[in-house]
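Asker: Below is the file final.cif, with mmCIF, C-alpha atoms.
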data_entry
loop_
_atom_site.label_atom_id
_atom_site.label_comp_id
_atom_site.auth_asym_id
_atom_site.auth_seq_id
_atom_site.Cartn_x
_atom_site.Cartn_y
_atom_site.Cartn_z
CA MET A 1 14.41 11.20 -12.07
CA THR A 2 17.19 8.72 -11.22
CA PHE A 3 15.99 5.99 -8.93
CA ALA A 4 18.38 4.44 -6.46
CA ILE A 5 16.78 1.11 -7.40
CA GLU A 6 14.41 0.59 -10.30
CA ALA A 7 12.74 -2.73 -11.09
CA LEU A 8 10.57 -3.02 -14.21
CA ASN A 9 8.36 -6.08 -14.81
CA VAL A 10 10.82 -8.41 -13.09
CA GLU A 11 10.06 -12.11 -13.40
CA LYS A 12 11.96 -15.10 -12.11
CA ARG A 13 11.09 -18.71 -12.78
CA TYR A 14 12.67 -21.86 -11.41
CA GLY A 15 11.17 -24.48 -13.67
CA ALA A 16 7.45 -24.57 -12.88
CA LEU A 17 7.88 -22.28 -9.86
CA GLN A 18 7.33 -18.57 -10.49
CA ALA A 19 9.25 -16.80 -7.74
CA LEU A 20 8.57 -13.30 -9.12
CA ALA A 21 5.65 -12.43 -11.37
CA GLY A 22 6.17 -9.04 -13.00
CA VAL A 23 7.31 -6.92 -10.04
CA SER A 24 7.76 -3.21 -10.74
CA LEU A 25 8.87 -0.66 -8.18
CA GLY A 26 11.18 2.31 -7.76
CA VAL A 27 13.15 3.37 -4.70
CA ALA A 28 14.02 7.06 -4.62
CA GLU A 29 17.52 8.29 -3.80
CA GLY A 30 17.90 8.88 -0.06
CA GLU A 31 14.78 6.91 0.82
CA PHE A 32 14.42 4.43 3.67
CA PHE A 33 12.37 1.73 1.95
CA GLY A 34 10.81 -1.42 3.41
CA LEU A 35 10.32 -4.66 1.49
CA LEU A 36 7.99 -6.97 3.42
CA GLY A 37 6.30 -10.28 2.84
CA PRO A 38 5.84 -13.76 4.29
CA ASN A 39 8.43 -16.49 3.80
CA GLY A 40 8.56 -17.48 0.14
CA ALA A 41 7.09 -14.18 -1.08
CA GLY A 42 10.10 -13.46 -3.34
CA LYS A 43 11.93 -10.82 -1.26
CA THR A 44 15.32 -12.54 -1.23
CA THR A 45 14.95 -13.48 -4.91
CA LEU A 46 14.38 -9.84 -5.79
CA ILE A 47 17.36 -8.77 -3.68
CA SER A 48 19.54 -11.41 -5.35
CA ILE A 49 18.56 -10.03 -8.76
CA ILE A 50 19.29 -6.45 -7.65
CA ALA A 51 22.71 -7.58 -6.38
CA GLY A 52 23.48 -9.43 -9.62
CA LEU A 53 23.65 -12.80 -7.85
CA THR A 54 20.67 -14.14 -9.82
CA ARG A 55 19.51 -13.29 -13.32
CA ALA A 56 15.89 -12.37 -13.86
CA SER A 57 13.93 -14.46 -16.34
CA ALA A 58 12.46 -11.22 -17.68
CA GLY A 59 12.45 -7.52 -16.86
CA THR A 60 15.05 -4.89 -16.03
CA VAL A 61 16.75 -3.80 -12.81
CA ARG A 62 18.94 -0.72 -12.38
CA VAL A 63 20.96 0.60 -9.46
CA MET A 64 21.49 4.37 -9.65
CA GLY A 65 20.80 4.07 -13.37
CA ALA A 66 23.28 1.21 -13.92
CA ASP A 67 21.76 -1.94 -15.42
CA VAL A 68 22.65 -4.88 -13.16
CA ILE A 69 23.40 -7.05 -16.23
CA LYS A 70 24.74 -4.67 -18.88
CA ASP A 71 26.68 -2.48 -16.44
CA TYR A 72 27.32 -5.00 -13.69
CA ARG A 73 30.60 -3.60 -12.37
CA ARG A 74 29.21 -0.11 -11.78
CA ALA A 75 25.94 -1.43 -10.38
CA ARG A 76 27.82 -3.66 -7.92
CA ARG A 77 30.07 -0.81 -6.74
CA LEU A 78 27.01 1.31 -6.00
CA LEU A 79 25.39 -1.37 -3.85
CA GLY A 80 26.08 -2.91 -0.46
CA VAL A 81 24.10 -6.00 0.55
CA VAL A 82 23.78 -7.59 3.98
CA PRO A 83 22.64 -11.17 3.22
CA GLN A 84 20.20 -13.13 5.32
CA GLU A 85 22.55 -16.10 5.67
CA LEU A 86 25.70 -16.02 7.80
CA VAL A 87 28.47 -16.35 5.20
CA PHE A 88 32.06 -15.87 6.34
CA ASP A 89 35.64 -17.04 5.80
CA PRO A 90 36.84 -18.81 8.97
CA PHE A 91 40.55 -18.20 8.28
CA PHE A 92 40.70 -14.41 8.76
CA THR A 93 40.20 -11.92 11.57
CA VAL A 94 37.45 -9.29 11.45
CA ARG A 95 39.85 -6.55 10.39
CA GLU A 96 41.47 -8.75 7.73
CA THR A 97 38.02 -9.66 6.40
CA LEU A 98 37.13 -6.01 5.96
CA ARG A 99 40.47 -5.18 4.32
CA ILE A 100 40.00 -8.04 1.88
CA GLN A 101 36.47 -6.79 1.15
CA SER A 102 37.92 -3.35 0.45
CA GLY A 103 40.35 -4.96 -1.98
CA TYR A 104 37.47 -6.48 -3.95
CA PHE A 105 36.45 -2.93 -4.81
CA GLY A 106 39.98 -1.73 -5.50
CA LEU A 107 40.11 0.47 -2.39
CA ARG A 108 43.52 1.32 -0.93
CA ASN A 109 44.20 3.09 2.34
CA ASN A 110 40.67 2.40 3.60
CA ASN A 111 41.74 1.78 7.19
CA ALA A 112 40.21 4.97 8.63
CA TRP A 113 36.74 4.05 7.35
CA ILE A 114 37.18 0.43 8.43
CA ASP A 115 38.02 1.63 11.95
CA GLU A 116 34.94 3.86 11.96
CA VAL A 117 32.66 1.03 10.85
CA ILE A 118 34.20 -1.30 13.45
CA ASP A 119 33.60 1.32 16.13
CA HIS A 120 29.98 2.06 15.19
CA LEU A 121 29.11 -1.64 15.05
CA ASP A 122 30.82 -2.23 18.40
CA LEU A 123 33.31 -4.70 16.91
CA GLY A 124 36.40 -3.10 18.46
CA ALA A 125 36.93 -5.83 21.05
CA LYS A 126 36.73 -8.49 18.32
CA ALA A 127 38.60 -6.68 15.54
CA ASP A 128 41.60 -9.02 15.74
CA ALA A 129 39.61 -12.16 16.61
CA ASN A 130 39.27 -14.97 14.08
CA MET A 131 35.87 -15.06 12.40
CA ARG A 132 35.18 -18.66 13.41
CA THR A 133 35.41 -17.73 17.10
CA LEU A 134 32.62 -15.15 16.92
CA SER A 135 29.05 -15.62 18.08
CA GLY A 136 26.21 -15.54 15.55
CA GLY A 137 25.34 -11.96 16.49
CA MET A 138 28.94 -10.82 16.07
CA LYS A 139 29.20 -12.53 12.68
CA ARG A 140 26.09 -10.65 11.58
CA ARG A 141 27.74 -7.38 12.62
CA VAL A 142 30.69 -8.27 10.38
CA LEU A 143 28.30 -8.91 7.47
CA VAL A 144 26.91 -5.41 7.94
CA ALA A 145 30.45 -4.01 8.08
CA GLN A 146 31.36 -5.83 4.84
CA ALA A 147 28.38 -4.30 3.06
CA LEU A 148 29.44 -0.81 4.16
CA VAL A 149 33.20 -1.05 3.66
CA HIS A 150 33.16 0.50 0.15
CA ARG A 151 30.72 3.27 1.17
CA PRO A 152 27.98 2.36 -1.30
CA PRO A 153 25.20 4.94 -1.87
CA VAL A 154 22.60 2.14 -1.80
CA ILE A 155 22.44 -0.37 1.07
CA VAL A 156 20.18 -3.43 1.12
CA LEU A 157 19.61 -5.09 4.49
CA ASP A 158 18.08 -8.57 4.29
CA GLU A 159 16.93 -9.46 7.83
CA PRO A 160 19.93 -7.68 9.41
CA THR A 161 18.77 -8.09 13.01
CA ALA A 162 17.69 -11.74 12.88
CA GLY A 163 19.08 -13.51 15.92
CA VAL A 164 20.90 -10.51 17.40
CA ASP A 165 20.51 -8.97 20.82
CA VAL A 166 18.60 -5.80 21.65
CA GLU A 167 21.76 -3.75 22.27
CA LEU A 168 23.17 -4.53 18.83
CA ARG A 169 19.82 -3.87 17.20
CA GLN A 170 19.63 -0.39 18.71
CA GLY A 171 23.26 0.40 17.88
CA LEU A 172 22.86 -0.86 14.31
CA TRP A 173 19.77 1.27 13.69
CA GLN A 174 21.47 4.37 15.06
CA PHE A 175 24.31 3.84 12.59
CA ILE A 176 21.97 3.07 9.68
CA ARG A 177 19.83 6.13 10.45
CA ARG A 178 22.98 8.23 10.36
CA LEU A 179 23.93 6.81 6.96
CA ASN A 180 20.40 7.55 5.71
CA ARG A 181 20.62 11.14 6.98
CA ASP A 182 23.93 11.44 5.13
CA GLY A 183 22.13 10.56 1.88
CA HIS A 184 22.45 6.78 1.63
CA THR A 185 19.44 4.90 0.31
CA ILE A 186 18.38 2.04 2.59
CA VAL A 187 16.25 -0.95 1.59
CA LEU A 188 15.19 -3.15 4.48
CA THR A 189 13.54 -6.54 4.65
CA THR A 190 12.54 -7.69 8.11
CA HIS A 191 10.03 -9.81 9.99
CA TYR A 192 10.20 -7.32 12.87
CA LEU A 193 7.36 -5.14 11.61
CA GLU A 194 7.78 -2.59 14.38
CA GLU A 195 11.23 -1.86 12.90
CA ALA A 196 9.76 -1.26 9.45
CA GLU A 197 6.99 0.93 10.88
CA GLU A 198 9.46 3.10 12.77
CA LEU A 199 12.19 3.34 10.13
CA CYS A 200 10.69 3.16 6.64
CA ASP A 201 9.32 6.07 4.61
CA ARG A 202 7.60 3.75 2.16
CA ILE A 203 6.80 0.05 2.17
CA ALA A 204 6.25 -2.54 -0.54
CA MET A 205 4.60 -5.87 0.28
CA LEU A 206 5.09 -9.03 -1.74
CA LYS A 207 3.02 -12.19 -1.71
CA GLY A 208 3.48 -15.16 -4.00
CA GLY A 209 5.98 -13.23 -6.13
CA LYS A 210 3.55 -10.36 -6.75
CA LEU A 211 3.53 -6.80 -5.49
CA VAL A 212 0.33 -6.48 -3.42
CA ALA A 213 0.90 -3.11 -1.71
CA LEU A 214 3.16 -0.11 -2.26
CA ASP A 215 2.66 3.17 -0.43
CA SER A 216 3.98 5.41 2.29
CA THR A 217 3.96 3.86 5.73
CA ARG A 218 1.49 6.48 6.91
CA ASN A 219 -0.94 5.85 4.04
CA LEU A 220 -0.80 2.09 4.57
CA LEU A 221 -1.60 2.54 8.25
CA GLU A 222 -4.51 4.85 7.49
CA THR A 223 -5.88 2.79 4.59
CA PHE A 224 -5.69 -0.78 5.85
CA SER A 225 -5.75 -0.32 9.58
CA GLY A 226 -7.65 1.76 12.08
CA LEU A 227 -7.87 2.53 15.74
CA VAL A 228 -8.89 -0.11 18.25
CA LEU A 229 -10.88 1.22 21.19
CA ARG A 230 -11.02 -0.98 24.29
CA LEU A 231 -13.70 -0.15 26.85
CA ARG A 232 -15.01 -1.36 30.18
CA LEU A 233 -18.51 -0.01 30.73
CA ASP A 234 -21.04 -0.06 33.52
CA ARG A 235 -23.21 -2.54 31.60
CA GLU A 236 -22.85 -5.62 29.42
CA ALA A 237 -24.44 -4.22 26.27
CA LEU A 238 -23.50 -1.46 23.86
CA PRO A 239 -26.12 1.15 22.97
CA GLU A 240 -27.80 0.86 19.59
CA GLY A 241 -26.62 3.10 16.77
CA LEU A 242 -22.96 2.87 17.67
CA GLU A 243 -21.06 3.39 14.41
CA ALA A 244 -18.10 1.08 15.00
CA GLU A 245 -17.09 -2.48 14.21
CA LEU A 246 -17.33 -4.73 17.26
CA LEU A 247 -14.24 -6.93 17.42
CA CYS A 248 -15.01 -8.75 20.65
CA ALA A 249 -17.16 -8.53 23.77
CA GLU A 250 -16.69 -10.20 27.13
CA GLY A 251 -19.07 -9.13 29.84
CA ALA A 252 -18.75 -5.37 30.19
CA ARG A 253 -15.51 -5.28 28.18
CA PHE A 254 -15.62 -4.39 24.48
CA ALA A 255 -13.13 -3.88 21.65
CA LEU A 256 -14.23 -1.68 18.76
CA ARG A 257 -12.47 -0.91 15.48
CA LEU A 258 -12.70 2.74 14.47
CA ARG A 259 -11.96 4.26 11.08
CA ASP A 260 -10.21 7.32 12.47
CA TYR A 261 -10.10 9.73 15.37
CA ALA A 262 -13.32 11.42 14.22
CA ALA A 263 -15.10 8.09 14.74
CA LEU A 264 -13.79 8.04 18.31
CA GLU A 265 -15.64 11.25 19.12
CA GLN A 266 -18.82 9.79 17.59
CA VAL A 267 -18.57 6.72 19.83
CA LEU A 268 -17.93 8.78 22.95
CA HIS A 269 -20.79 11.11 22.08
CA ARG A 270 -23.17 8.16 21.67
CA LEU A 271 -22.11 6.69 25.02
CA ARG A 272 -22.65 10.03 26.79
CA GLU A 273 -25.96 10.49 25.00
CA THR A 274 -27.28 7.14 26.25
CA GLY A 275 -25.97 7.59 29.78
CA VAL A 276 -23.39 4.81 29.60
CA LYS A 277 -20.51 5.23 32.04
CA ILE A 278 -16.96 4.37 31.01
CA TRP A 279 -14.86 2.72 33.72
CA GLU A 280 -11.80 2.02 31.57
CA LEU A 281 -10.70 3.26 28.15
CA GLU A 282 -7.66 2.35 26.07
CA LEU A 283 -6.96 3.49 22.52
CA GLU A 284 -4.56 1.47 20.36
CA PRO A 285 -3.13 3.36 17.36
CA PRO A 286 -2.76 1.83 13.88
CA ASP A 287 -0.27 -1.00 13.77
CA LEU A 288 1.79 -2.23 10.80
CA GLU A 289 1.41 -5.85 11.90
CA GLU A 290 -2.36 -5.55 11.54
CA VAL A 291 -1.94 -3.81 8.17
CA PHE A 292 0.35 -6.61 7.00
CA LEU A 293 -2.11 -9.34 8.03
CA ARG A 294 -5.05 -7.58 6.39
CA VAL A 295 -3.14 -7.04 3.12
CA MET A 296 -2.07 -10.69 3.05
CA GLU A 297 -5.64 -11.84 3.72
CA LYS A 298 -7.00 -9.56 0.99
CA HIS A 299 -4.66 -11.04 -1.60
#
Step by step, read the file and then write its structure as structure tokens.

Answerer:
Amino acid sequence: MTFAIEALNVEKRYGALQALAGVSLGVAEGEFFGLLGPNGAGKTTLISIIAGLTRASAGTVRVMGADVIKDYRRARRLLGVVPQELVFDPFFTVRETLRIQSGYFGLRNNNAWIDEVIDHLDLGAKADANMRTLSGGMKRRVLVAQALVHRPPVIVLDEPTAGVDVELRQGLWQFIRRLNRDGHTIVLTTHYLEEAEELCDRIAMLKGGKLVALDSTRNLLETFSGLVLRLRLDREALPEGLEAELLCAEGARFALRLRDYAALEQVLHRLRETGVKIWELELEPPDLEEVFLRVMEKH
């Protein structure tokens, strides 16, 4: 099997600081993959190594089978990276910036694709505007366009929606979903966990330079999270023998953590059995933010 991205025992040290401590993971071709972690977890370091911007202290990284050190040129052509920082040349327009970026990859007559990218990222009104005149959100759109201008099969998005408005965020994800449906592999890092939950097939979590979780989004939700049942009853005490974790109680209001939907029926059965009346009921499904917090606490 050829992985879109394969990292084997990747380490990175900056003097006494170990930024990555033996990270191993594989991203399948065509996958929408999430890379999550708190600030300082090593996400951007790993991305920099994948992009060939930083050399690992130990380990191997490949992009579509191309070693990022031994076969750097091919690996770089196969990859598009949207960096976290706003980096731009203030002396060119948006369209000139994208044409120059095309030239870096030896692409001629790329104007049709440049126009399509400009259109999908809603940059048409600013296509001939100088980069230094753009807002922060518009500059981030251009960074995304630069990463896509050579049509790479693998796209890495490092906090692509940080500081951008809701309209751009929705438009960007529609375009990225389309690219993923067309076969592009997407790797996303984000602090907006609802984005990762909605978009990603699988998720890896880093903490302190170590891989602490790696599974499908669904399995992570089922393993580390659960349902939260919020109730308002006709009394200020729960019946004995209720098989659920009590999260909080305030008067006749209760919040219970349930393992799964089968546990919900058990709770409702016990309440009916003991004659307790339910005045209000709200069921909160598993949430990636809760999963993330529990994984970080565990490690």

Asker: Within 7 Å of (12.0, -12.3, -6.2), only C-alpha atoms: residues as a ChimeraX atom specification?

Answerer: /A:12,19-20,42-47,209

Asker: Might you spell out which residues the PyMOL selection byres ((chain A and resi 88) around 10) would select in the displayed file, as an MDAnalysis selection string?

Answerer: chainID A and resid 85:87 89:92 94 97 131:132 139:140 142:143

Asker: Excluding Val10 in chain A and any residue of its chain fewer than 5 positions from it, enumerate the residues within 8 Å of it, using all atoms listed in the file, and give them as an NGL selection string.

Answerer: :A and (20-24 or 56-61)

Asker: Let me know the residues the PyMOL selection byres ((chain A and resi 224) around 9) catches in the file above, as a PyMOL selection string.

Answerer: chain A and resi 219-223+225-226+286+290-292+294-295

Asker: Report the residues retrieved by the PyMOL selection byres ((chain A and resi 62) around 8) from the displayed file, expressed as a short mmCIF file (atom, residue, chain, number, x, y, z; two decimals) with C-alpha atoms, in the frame of the given file.

Answerer:
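part-v7.cif, written as the output of this step:
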data_model
loop_
_atom_site.label_atom_id
_atom_site.label_comp_id
_atom_site.auth_asym_id
_atom_site.auth_seq_id
_atom_site.Cartn_x
_atom_site.Cartn_y
_atom_site.Cartn_z
CA ALA A 4 18.38 4.44 -6.46
CA ILE A 5 16.78 1.11 -7.40
CA GLU A 6 14.41 0.59 -10.30
CA ALA A 7 12.74 -2.73 -11.09
CA ILE A 50 19.29 -6.45 -7.65
CA THR A 60 15.05 -4.89 -16.03
CA VAL A 61 16.75 -3.80 -12.81
CA VAL A 63 20.96 0.60 -9.46
CA MET A 64 21.49 4.37 -9.65
CA GLY A 65 20.80 4.07 -13.37
CA ALA A 66 23.28 1.21 -13.92
CA ASP A 67 21.76 -1.94 -15.42
CA VAL A 68 22.65 -4.88 -13.16
CA ALA A 75 25.94 -1.43 -10.38
#

Asker: Find the residue from A:Val267, A:Leu134, A:Leu231, A:Ala244 that sits nearest to Glu284 in chain A; use only C-alpha atoms when measuring.

Answerer: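 Residue with the minimum atom-to-atom distance to Glu284 in chain A: A:Leu231.
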
Asker: Do you know which residues are at most 12 Å from Pro38 in chain A counting only C-alpha atoms, after dropping those on the same chain fewer than 5 positions away, and could you put them as a PyMOL selection string?

Answerer: chain A and resi 43-44+189-193+205-210+212+289+292-293+295-297
